[in-house]
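Participant: Just target-v3.txt, nothing more (compact mmCIF, C-alpha atoms):
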```
# COMPACT_ATOMS: atom_id res chain seq x y z
CA MET A 4 -33.31 43.91 -54.50
CA SER A 5 -33.25 40.21 -55.35
CA ASP A 6 -34.24 38.94 -51.91
CA ASP A 7 -36.23 36.28 -53.75
CA LEU A 8 -33.03 35.12 -55.35
CA LEU A 9 -31.25 34.81 -52.01
CA ASP A 10 -34.19 32.84 -50.61
CA ARG A 11 -34.25 30.59 -53.63
CA LEU A 12 -30.50 29.95 -53.63
CA SER A 13 -30.25 29.31 -49.89
CA ALA A 14 -33.29 27.02 -50.03
CA SER A 15 -31.60 24.87 -52.67
CA LEU A 16 -28.35 24.55 -50.70
CA HIS A 17 -27.06 21.08 -50.01
CA PRO A 18 -23.74 20.08 -48.45
CA THR A 19 -20.79 20.26 -50.80
CA PRO A 20 -18.01 17.72 -50.28
CA ALA A 21 -14.41 18.95 -50.29
CA GLY A 22 -12.20 17.59 -53.05
CA LEU A 23 -14.92 17.75 -55.67
CA VAL A 24 -12.73 19.68 -58.13
CA LEU A 25 -10.01 17.05 -58.21
CA ARG A 26 -12.51 14.21 -58.32
CA ARG A 27 -14.31 15.70 -61.32
CA LEU A 28 -11.07 16.27 -63.23
CA LEU A 29 -9.89 12.74 -62.43
CA ILE A 30 -13.16 11.29 -63.70
CA GLY A 31 -12.84 13.25 -66.95
CA LEU A 32 -9.23 12.22 -67.48
CA ALA A 33 -9.79 8.57 -66.55
CA ALA A 34 -12.91 8.18 -68.67
CA GLY A 35 -11.20 9.74 -71.69
CA GLY A 36 -8.07 7.69 -71.05
CA ALA A 37 -10.11 4.48 -70.96
CA VAL A 38 -11.63 5.37 -74.33
CA SER A 39 -8.18 6.01 -75.81
CA LEU A 40 -6.75 2.77 -74.41
CA ALA A 41 -9.67 0.82 -75.88
CA LEU A 42 -9.30 2.54 -79.25
CA ILE A 43 -5.55 1.87 -79.36
CA ALA A 44 -6.11 -1.78 -78.38
CA VAL A 45 -8.74 -2.26 -81.09
CA THR A 46 -7.14 -0.31 -83.94
CA LEU A 47 -3.35 -0.60 -83.51
CA GLY A 48 -3.18 -3.43 -81.01
CA PRO A 49 -0.64 -3.85 -78.19
CA ARG A 50 3.02 -3.96 -79.15
CA PRO A 51 3.88 -7.49 -80.34
CA ASP A 52 6.77 -7.85 -77.88
CA PHE A 53 4.73 -6.63 -74.89
CA SER A 54 5.76 -9.28 -72.34
CA PRO A 55 9.49 -9.53 -73.08
CA ALA A 56 9.81 -5.75 -73.39
CA ALA A 57 8.30 -5.34 -69.93
CA ALA A 58 11.54 -6.74 -68.52
CA GLN A 59 13.43 -3.67 -69.71
CA PRO A 60 13.47 -0.36 -67.78
CA MET A 61 12.78 1.74 -70.88
CA PHE A 62 9.39 0.05 -71.25
CA TRP A 63 8.40 1.55 -67.90
CA VAL A 64 10.16 4.88 -68.43
CA LYS A 65 7.80 5.64 -71.32
CA PHE A 66 4.69 4.99 -69.24
CA ALA A 67 6.15 6.85 -66.27
CA TYR A 68 7.01 9.91 -68.38
CA ALA A 69 3.53 10.08 -69.90
CA LEU A 70 1.80 9.51 -66.59
CA ALA A 71 3.98 12.04 -64.76
CA ILE A 72 3.04 14.77 -67.25
CA ALA A 73 -0.64 13.87 -66.98
CA VAL A 74 -0.59 13.84 -63.17
CA VAL A 75 1.35 17.10 -62.71
CA ALA A 76 -0.72 18.94 -65.33
CA LEU A 77 -3.93 17.69 -63.72
CA TRP A 78 -2.64 18.82 -60.32
CA ALA A 79 -2.06 22.31 -61.75
CA GLY A 80 -5.47 22.16 -63.44
CA GLU A 81 -7.01 21.54 -60.04
CA ARG A 82 -5.95 25.09 -59.13
CA LEU A 83 -6.76 26.68 -62.47
CA ALA A 84 -10.29 25.25 -62.53
CA ARG A 85 -11.12 27.54 -59.59
CA PRO A 86 -11.94 31.26 -59.94
CA GLY A 87 -8.75 33.26 -59.50
CA GLY A 88 -6.74 30.06 -59.05
CA ARG A 89 -2.98 30.32 -59.52
CA ALA A 90 -0.76 27.40 -60.37
CA ARG A 91 2.71 28.73 -61.09
CA GLY A 92 4.32 26.61 -58.40
CA ARG A 93 2.61 23.44 -59.56
CA LEU A 94 3.32 24.16 -63.21
CA THR A 95 7.06 24.38 -62.64
CA TRP A 96 6.94 20.72 -61.60
CA LEU A 97 6.15 19.87 -65.23
CA ALA A 98 9.83 20.54 -65.88
CA ALA A 99 10.85 17.57 -63.69
CA PRO A 100 9.75 14.69 -65.95
CA LEU A 101 10.85 16.61 -69.03
CA LEU A 102 14.33 17.29 -67.63
CA ILE A 103 14.76 13.68 -66.54
CA VAL A 104 13.84 12.36 -69.98
CA VAL A 105 16.02 14.95 -71.74
CA ALA A 106 18.94 13.98 -69.49
CA LEU A 107 18.39 10.27 -70.25
CA ALA A 108 18.22 11.06 -73.97
CA LEU A 109 21.41 13.12 -73.97
CA TRP A 110 23.26 10.48 -71.98
CA ARG A 111 22.18 7.81 -74.46
CA LEU A 112 23.21 9.97 -77.42
CA VAL A 113 26.61 10.81 -75.96
CA GLU A 114 27.34 7.15 -75.26
CA ALA A 115 26.27 5.96 -78.71
CA PRO A 116 28.69 5.82 -81.65
CA PRO A 117 28.14 8.84 -83.94
CA GLY A 118 26.69 6.72 -86.72
CA ALA A 119 23.94 5.32 -84.50
CA ARG A 120 22.68 8.61 -83.08
CA MET A 121 20.27 9.48 -85.85
CA SER A 122 18.43 6.20 -85.54
CA LEU A 123 18.17 6.62 -81.76
CA VAL A 124 16.25 9.84 -82.35
CA MET A 125 14.20 8.79 -85.37
CA GLY A 126 13.49 5.13 -84.59
CA HIS A 127 11.22 3.69 -87.25
CA SER A 128 8.05 5.61 -86.43
CA ALA A 129 9.06 9.22 -85.76
CA ARG A 130 6.78 10.55 -88.45
CA LEU A 131 3.68 8.88 -87.03
CA CYS A 132 4.32 8.97 -83.27
CA PRO A 133 3.35 12.60 -82.49
CA TRP A 134 0.17 12.27 -84.52
CA TYR A 135 -0.86 9.09 -82.74
CA VAL A 136 -0.16 10.70 -79.38
CA LEU A 137 -2.21 13.73 -80.40
CA ALA A 138 -5.07 11.57 -81.67
CA ALA A 139 -5.04 9.48 -78.48
CA SER A 140 -5.20 12.70 -76.43
CA LEU A 141 -8.52 13.81 -77.93
CA ALA A 142 -10.75 11.58 -75.79
CA PRO A 143 -9.00 12.55 -72.52
CA PHE A 144 -9.19 16.18 -73.62
CA ALA A 145 -12.93 15.85 -74.21
CA GLY A 146 -13.27 14.34 -70.73
CA LEU A 147 -11.32 17.21 -69.18
CA VAL A 148 -13.32 19.83 -71.07
CA TRP A 149 -16.48 18.24 -69.70
CA ALA A 150 -14.97 18.39 -66.20
CA ALA A 151 -13.74 21.99 -66.50
CA ARG A 152 -17.08 23.27 -67.78
CA GLY A 153 -18.69 22.09 -64.59
CA LEU A 154 -16.01 23.97 -62.65
CA ALA A 155 -15.05 27.63 -62.99
CA PRO A 156 -11.71 28.46 -64.64
CA THR A 157 -11.20 32.19 -65.07
CA ARG A 158 -7.95 32.10 -67.08
CA LEU A 159 -9.26 30.13 -69.98
CA ARG A 160 -6.23 29.98 -72.26
CA LEU A 161 -3.83 28.88 -69.56
CA THR A 162 -6.34 26.35 -68.24
CA GLY A 163 -6.85 25.01 -71.78
CA LEU A 164 -3.09 24.66 -72.28
CA VAL A 165 -2.62 22.81 -68.98
CA LEU A 166 -5.60 20.49 -69.48
CA GLY A 167 -4.35 19.87 -73.02
CA LEU A 168 -0.98 18.80 -71.61
CA ALA A 169 -2.72 16.49 -69.12
CA ALA A 170 -4.70 14.97 -71.99
CA GLY A 171 -1.48 14.70 -74.02
CA GLY A 172 0.19 12.79 -71.19
CA MET A 173 -2.78 10.43 -71.02
CA GLY A 174 -2.76 10.03 -74.82
CA ALA A 175 0.97 9.25 -74.76
CA PHE A 176 0.31 6.66 -72.04
CA ALA A 177 -2.29 4.96 -74.22
CA TYR A 178 -0.10 5.06 -77.32
CA ALA A 179 2.84 3.55 -75.39
CA MET A 180 0.80 0.33 -75.23
CA HIS A 181 1.29 -0.01 -78.96
CA CYS A 182 4.58 1.77 -79.63
CA ASP A 183 7.67 -0.47 -79.54
CA GLU A 184 10.31 2.27 -79.66
CA MET A 185 12.75 1.86 -76.79
CA ALA A 186 15.22 4.77 -77.13
CA ALA A 187 15.12 7.70 -74.70
CA PRO A 188 15.99 10.22 -77.47
CA PHE A 189 12.91 9.07 -79.40
CA LEU A 190 10.75 9.43 -76.30
CA GLY A 191 12.14 12.87 -75.50
CA ALA A 192 11.58 14.17 -79.01
CA TRP A 193 8.40 12.66 -80.42
CA TYR A 194 6.30 11.85 -77.38
CA SER A 195 7.06 15.34 -76.09
CA LEU A 196 6.06 16.84 -79.41
CA GLY A 197 2.74 15.00 -79.40
CA ILE A 198 2.03 16.09 -75.83
CA ALA A 199 2.94 19.70 -76.68
CA GLY A 200 0.58 19.47 -79.66
CA ALA A 201 -2.24 18.47 -77.34
CA GLY A 202 -1.37 21.46 -75.15
CA LEU A 203 -1.57 23.71 -78.21
CA VAL A 204 -5.00 22.31 -79.08
CA GLY A 205 -6.13 23.14 -75.55
CA TRP A 206 -4.71 26.66 -75.75
CA LEU A 207 -6.37 27.33 -79.11
CA THR A 208 -9.81 25.95 -78.25
CA ALA A 209 -10.05 27.12 -74.63
CA PRO A 210 -11.86 30.47 -75.14
CA ARG A 211 -14.65 28.61 -76.92
CA LEU A 212 -14.74 25.31 -75.07
CA LEU A 213 -14.11 26.35 -71.48
CA ARG A 214 -16.59 29.22 -71.16
CA TRP A 215 -19.17 28.86 -68.44
CA MET B 28 -21.27 45.15 -45.50
CA SER B 29 -19.94 44.83 -42.00
CA LEU B 30 -18.33 41.42 -41.85
CA THR B 31 -14.59 40.87 -42.16
CA GLU B 32 -12.98 38.32 -44.40
CA PRO B 33 -12.49 35.75 -41.59
CA GLU B 34 -16.19 36.09 -40.71
CA LEU B 35 -17.21 35.68 -44.34
CA LYS B 36 -14.97 32.66 -44.61
CA ALA B 37 -16.53 31.09 -41.52
CA LEU B 38 -19.96 31.60 -43.12
CA MET B 39 -18.70 30.06 -46.35
CA LEU B 40 -17.36 26.97 -44.61
CA ARG B 41 -20.66 26.51 -42.77
CA SER B 42 -22.52 27.02 -46.06
CA LEU B 43 -20.51 24.28 -47.73
CA ASP B 44 -21.53 21.97 -44.89
CA GLY B 45 -25.18 22.75 -45.65
CA ASP B 46 -26.03 25.55 -43.17
CA ALA B 47 -28.72 27.47 -45.09
CA ALA B 48 -28.95 30.35 -42.60
CA ALA B 49 -25.20 31.00 -42.79
CA TYR B 50 -25.44 30.77 -46.56
CA ARG B 51 -28.32 33.27 -46.75
CA ARG B 52 -26.28 35.73 -44.68
CA LEU B 53 -23.14 35.17 -46.77
CA LEU B 54 -25.04 35.75 -50.02
CA ALA B 55 -26.56 38.96 -48.65
CA GLU B 56 -23.08 40.22 -47.68
CA LEU B 57 -21.63 39.28 -51.04
CA ARG B 58 -24.58 40.87 -52.84
CA ASP B 59 -23.82 44.24 -51.26
CA ARG B 60 -20.17 44.01 -52.24
CA LEU B 61 -21.01 42.89 -55.75
CA ALA B 62 -23.48 45.76 -56.17
CA LEU B 63 -20.65 48.16 -55.34
CA TYR B 64 -18.23 46.29 -57.59
CA PHE B 65 -20.47 46.47 -60.65
CA ALA B 66 -21.77 49.97 -59.94
CA ARG B 67 -18.21 51.21 -60.36
CA ARG B 68 -17.71 49.37 -63.63
CA VAL B 69 -20.84 49.57 -65.78
CA PRO B 70 -22.96 52.54 -66.93
CA PRO B 71 -25.45 53.53 -64.22
CA ASP B 72 -28.43 53.61 -66.59
CA GLY B 73 -30.69 50.58 -66.81
CA ALA B 74 -30.55 47.40 -64.80
CA LEU B 75 -27.22 46.08 -66.09
CA ALA B 76 -25.40 46.27 -62.76
CA GLU B 77 -28.25 44.49 -61.02
CA ASP B 78 -28.35 41.81 -63.72
CA LEU B 79 -24.64 41.20 -63.29
CA VAL B 80 -25.02 40.98 -59.51
CA GLN B 81 -27.72 38.34 -59.92
CA GLU B 82 -25.75 36.45 -62.53
CA THR B 83 -22.70 36.45 -60.26
CA LEU B 84 -24.70 35.29 -57.26
CA MET B 85 -26.11 32.43 -59.31
CA ALA B 86 -22.61 31.54 -60.48
CA ILE B 87 -21.33 31.65 -56.90
CA HIS B 88 -24.12 29.24 -56.01
CA ALA B 89 -23.58 26.91 -58.95
CA LYS B 90 -19.79 26.91 -58.62
CA ARG B 91 -19.48 26.91 -54.83
CA ALA B 92 -17.66 23.58 -54.95
CA THR B 93 -14.74 25.39 -56.60
CA PHE B 94 -14.09 27.35 -53.41
CA ASP B 95 -10.77 26.23 -51.93
CA ARG B 96 -11.33 25.87 -48.18
CA THR B 97 -7.77 26.97 -47.47
CA GLN B 98 -8.18 30.27 -49.35
CA LEU B 99 -10.09 33.53 -48.80
CA VAL B 100 -13.71 34.08 -49.83
CA THR B 101 -13.65 37.62 -51.23
CA PRO B 102 -10.92 37.09 -53.86
CA TRP B 103 -12.80 34.00 -55.02
CA ALA B 104 -16.12 35.88 -55.24
CA TYR B 105 -14.52 38.85 -57.01
CA ALA B 106 -12.81 36.52 -59.48
CA ILE B 107 -16.26 35.21 -60.42
CA ALA B 108 -17.62 38.76 -60.64
CA ARG B 109 -14.69 39.80 -62.84
CA TYR B 110 -15.25 36.79 -65.07
CA LYS B 111 -18.95 37.64 -65.42
CA LEU B 112 -18.12 41.27 -66.20
CA ILE B 113 -15.56 40.34 -68.85
CA ASP B 114 -17.92 37.75 -70.28
CA HIS B 115 -20.61 40.41 -70.54
CA LEU B 116 -18.29 42.90 -72.25
CA ARG B 117 -17.17 40.24 -74.66
CA ARG B 118 -20.71 39.13 -75.45
CA THR B 119 -21.78 42.66 -76.21
CA GLY B 120 -18.65 43.20 -78.30
CA ARG B 121 -17.59 46.46 -76.71
CA GLY B 122 -14.96 47.82 -79.12
CA ARG B 123 -11.85 45.72 -79.61
CA PHE B 124 -11.87 44.53 -76.04
CA ARG B 125 -10.70 40.90 -76.03
CA PRO B 126 -10.25 40.27 -72.36
CA PHE B 127 -9.58 36.54 -72.40
CA GLU B 128 -6.35 37.20 -74.25
CA HIS B 129 -5.08 39.25 -71.34
CA ASP B 130 -6.92 37.69 -68.47
CA ASP B 131 -3.81 37.76 -66.32
CA GLU B 132 -3.98 41.50 -66.01
CA PHE B 133 -7.44 41.31 -64.56
CA ALA B 134 -6.30 39.17 -61.70
CA VAL B 135 -4.56 42.02 -59.91
CA ASP B 136 -5.17 45.64 -58.96
CA ASP B 137 -8.72 45.44 -57.91
CA GLU B 138 -9.76 48.40 -55.83
CA SER B 139 -12.69 46.54 -54.27
CA GLU B 140 -10.32 43.96 -52.86
CA ALA B 141 -8.01 46.75 -51.74
CA ALA B 142 -10.94 48.49 -50.05
CA ASP B 143 -11.90 45.28 -48.28
CA ALA B 144 -8.32 44.76 -47.19
CA ARG B 145 -8.10 48.31 -45.89
CA ARG B 146 -11.31 47.92 -43.92
CA ASP B 147 -10.17 44.61 -42.46
CA ILE B 148 -6.90 46.21 -41.36
CA GLU B 149 -8.65 49.23 -39.89
CA GLN B 150 -10.97 47.00 -37.90
CA GLY B 151 -8.02 44.90 -36.84
CA LEU B 152 -6.14 47.98 -35.64
CA ALA B 153 -9.21 49.21 -33.79
CA ALA B 154 -9.39 45.92 -31.91
CA LEU B 155 -5.83 46.24 -30.58
CA PRO B 156 -5.11 47.60 -27.07
CA GLU B 157 -4.71 51.37 -27.33
CA ARG B 158 -1.05 51.64 -26.33
CA GLY B 159 0.08 48.84 -28.65
CA ARG B 160 -1.94 50.32 -31.49
CA GLU B 161 -0.37 53.76 -31.10
CA LEU B 162 3.15 52.34 -31.01
CA LEU B 163 2.47 50.16 -34.04
CA ILE B 164 1.06 53.08 -36.03
CA ALA B 165 3.94 55.36 -35.06
CA VAL B 166 6.70 52.89 -35.88
CA LYS B 167 5.27 50.85 -38.77
CA LEU B 168 2.81 53.15 -40.54
CA ASN B 169 4.36 56.57 -39.88
CA GLN B 170 7.90 55.22 -39.97
CA GLU B 171 8.98 57.32 -37.01
CA PRO B 172 12.40 56.46 -35.54
CA VAL B 173 12.08 53.99 -32.66
CA ALA B 174 14.24 56.25 -30.47
CA ASP B 175 11.81 59.18 -30.82
CA VAL B 176 8.78 57.02 -30.13
CA ALA B 177 10.48 55.49 -27.10
CA ARG B 178 11.36 58.89 -25.65
CA ARG B 179 7.80 60.17 -26.14
CA ALA B 180 6.27 57.08 -24.58
CA GLY B 181 8.76 56.99 -21.73
CA MET B 182 9.84 53.46 -22.62
CA SER B 183 13.12 51.85 -23.56
CA GLU B 184 13.73 51.25 -27.26
CA SER B 185 13.70 47.49 -26.85
CA ALA B 186 10.40 47.65 -24.95
CA VAL B 187 8.92 49.65 -27.84
CA LYS B 188 10.18 47.09 -30.34
CA VAL B 189 8.71 44.23 -28.34
CA ALA B 190 5.35 46.01 -27.98
CA VAL B 191 5.21 46.82 -31.69
CA HIS B 192 6.06 43.26 -32.59
CA ARG B 193 3.38 41.89 -30.26
CA SER B 194 0.75 44.22 -31.71
CA PHE B 195 1.82 43.24 -35.18
CA LEU B 196 1.44 39.54 -34.41
CA ARG B 197 -1.95 40.16 -32.82
CA LEU B 198 -3.11 42.10 -35.90
CA ALA B 199 -1.81 39.38 -38.20
CA ALA B 200 -3.59 36.69 -36.17
CA ARG B 201 -6.82 38.64 -36.40
CA LEU B 202 -6.51 39.12 -40.16
CA ARG B 203 -5.82 35.44 -40.61
CA GLY B 204 -8.92 34.70 -38.61
CA SER B 205 -9.52 31.74 -36.40
CA GLY B 206 -9.90 29.37 -39.37
CA GLY B 207 -6.15 29.18 -39.81
CA SER B 208 -6.25 30.10 -43.49
CA THR B 209 -3.11 30.62 -45.51
```
How does the structure come out when it is put into structure tokens?
Facilitator:
Amino acid sequence: MSDDLLDRLSASLHPTPAGLVLRRLLIGLAAGGAVSLALIAVTLGPRPDFSPAAAQPMFWVKFAYALAIAVVALWAGERLARPGGRARGRLTWLAAPLLIVVALALWRLVEAPPGARMSLVMGHSARLCPWYVLAASLAPFAGLVWAARGLAPTRLRLTGLVLGLAAGGMGAFAYAMHCDEMAAPFLGAWYSLGIAGAGLVGWLTAPRLLRW
Amino acid sequence: MSLTEPELKALMLRSLDGDAAAYRRLLAELRDRLALYFARRVPPDGALAEDLVQETLMAIHAKRATFDRTQLVTPWAYAIARYKLIDHLRRTGRGRFRPFEHDDEFAVDDESEAADARRDIEQGLAALPERGRELLIAVKLNQEPVADVARRAGMSESAVKVAVHRSFLRLAARLRGSGGST
């Protein structure tokens, strides 16, 4: 039975480099991220106070938070994109950036006078922020879907959720180029919501998009 | 169907480096296991099981880059087989079966993997020196009291414990294979 097949498959063998899974996912994320950065730059433009703001720690905390989520989720995706791959250990690391930002936000809120707390959370763009983050995550998500389809995830929903979170982190990174909010409570609430939304998109679309 | 997991893994690693002969042998071994795997899970009539074997072999070929060199080959191959089986059931709309909603449950309790594991352990036991093997079986598998085993073997209890431990380490080393997998 199917000896032809074995001959055919072994005849078409060529060496397979290690690390191909991670490389493919990185290419998908980076290509999609570049598209989002370009779109944000063209449509919304960089924040007007870009250079002076860069002197403040919070400017960098936003980028670091977004990038940390993207990197950890991609690292977990590197396991989930393999048949039977498990990523529970890696996924728990997602809690680290979230907990740090939540701690920063709470500290800021506790220190602030009661009357100022609401504006620390809401800023001036709370209604738009999650939607922009979600929109900016679509191109990275498309890149990751392309990558995952060339790999072999067997737990599609979980893989979709995790790749969605990675795309959300990348989208948040791109949007932070434009967004001039500087309060940790705002970051913890609305950036996180946008990233979670991207994860939900991944979870919902995975059975269709990630089949191979 | 005679190779152990460490031997299959060695073939897989050579295949990934481009060794076509090793790859041909690996595929033949996997084909036999897959035939058994699908024969137990789909109706025997028609060529369905054979189709699924071929589909899985082609997927193994196409997705071989997703093999993690630090992991075992058979769980990876069976995960692909399971995915292909579920995909088939879903495509043909068998009842209300919606496997991707519960795909976690399919990751465990696979009797083919258990059978492979049992055979690997049996071969590992067979390769141990006779005395060590008997002590290990008596103490670890049959749970006999060390004192009884020691008396029967004419050894001290601590000598029995040391011998059992040594056999156990030797068995574990064999199951891990020479590749140093985790």
Participant: Which one of B:Arg52, B:Arg96, B:Arg41, B:His115 sits closest to B:Val80 if you count all atoms listed in the file?
Facilitator: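 Closest to B:Val80 of all the choices is B:His115.
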Participant: Do you have the atom CA of B:Leu53-atom CA of A:Leu12 distance handy?
Facilitator: 11.3 Å
Participant: Tell me as a list in words which residues belonging to chain A come within 6 Å of chain B, counting only C-alpha atoms.
Facilitator: Ser13, His17, Pro18, Thr19, Arg85, Pro86, Gly87 and Arg158 of chain A
Participant: For A:Ala209, which residue among A:Arg93, A:His181, A:Arg152, A:Arg120 is the nearest when counting all atoms listed in the file?
Facilitator: A:Arg152
Participant: Measure the distance from atom CA of A:Arg82 to atom CA of A:Ile198 in Å and round it to one decimal.
Facilitator: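 Computing the Euclidean distance for atom CA of A:Arg82 and atom CA of A:Ile198 yields 20.6 Å.
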Participant: What separation in Å, quoted to one decimal, exists between atom CA of A:Ala139 and atom CA of A:Ala69?
Facilitator: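 So the answer is 12.1 Å.
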Participant: Select, counting only C-alpha atoms, all protein, DNA and RNA residues no farther than 12 Å from (22.2, 13.4, -74.5) in file coordinates, and express the selection as a PyMOL selection string.
Facilitator: chain A and resi 102-115+120+123-124+186-189+191-192
Participant: When distances are computed from all atoms listed in the file, which of A:Pro51, A:Gly35, A:Gly92, A:Pro210 shows the smallest separation from A:Gly146?
Facilitator: A:Gly35
Participant: Looking at A:Leu32, A:Ile72, A:Met125, A:Leu166, which one is nearest to A:Ala99, with distances taken over only C-alpha atoms?
Facilitator: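 Selected residue with least distance to A:Ala99: A:Ile72.
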Participant: Name the closest residue to A:Arg211 among the candidates A:Met61, A:Val148, A:Leu196, A:Leu23; distances are taken between atoms, counting all atoms listed in the file.
Facilitator: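 Using all atoms listed in the file, the shortest distance to A:Arg211 belongs to A:Val148.
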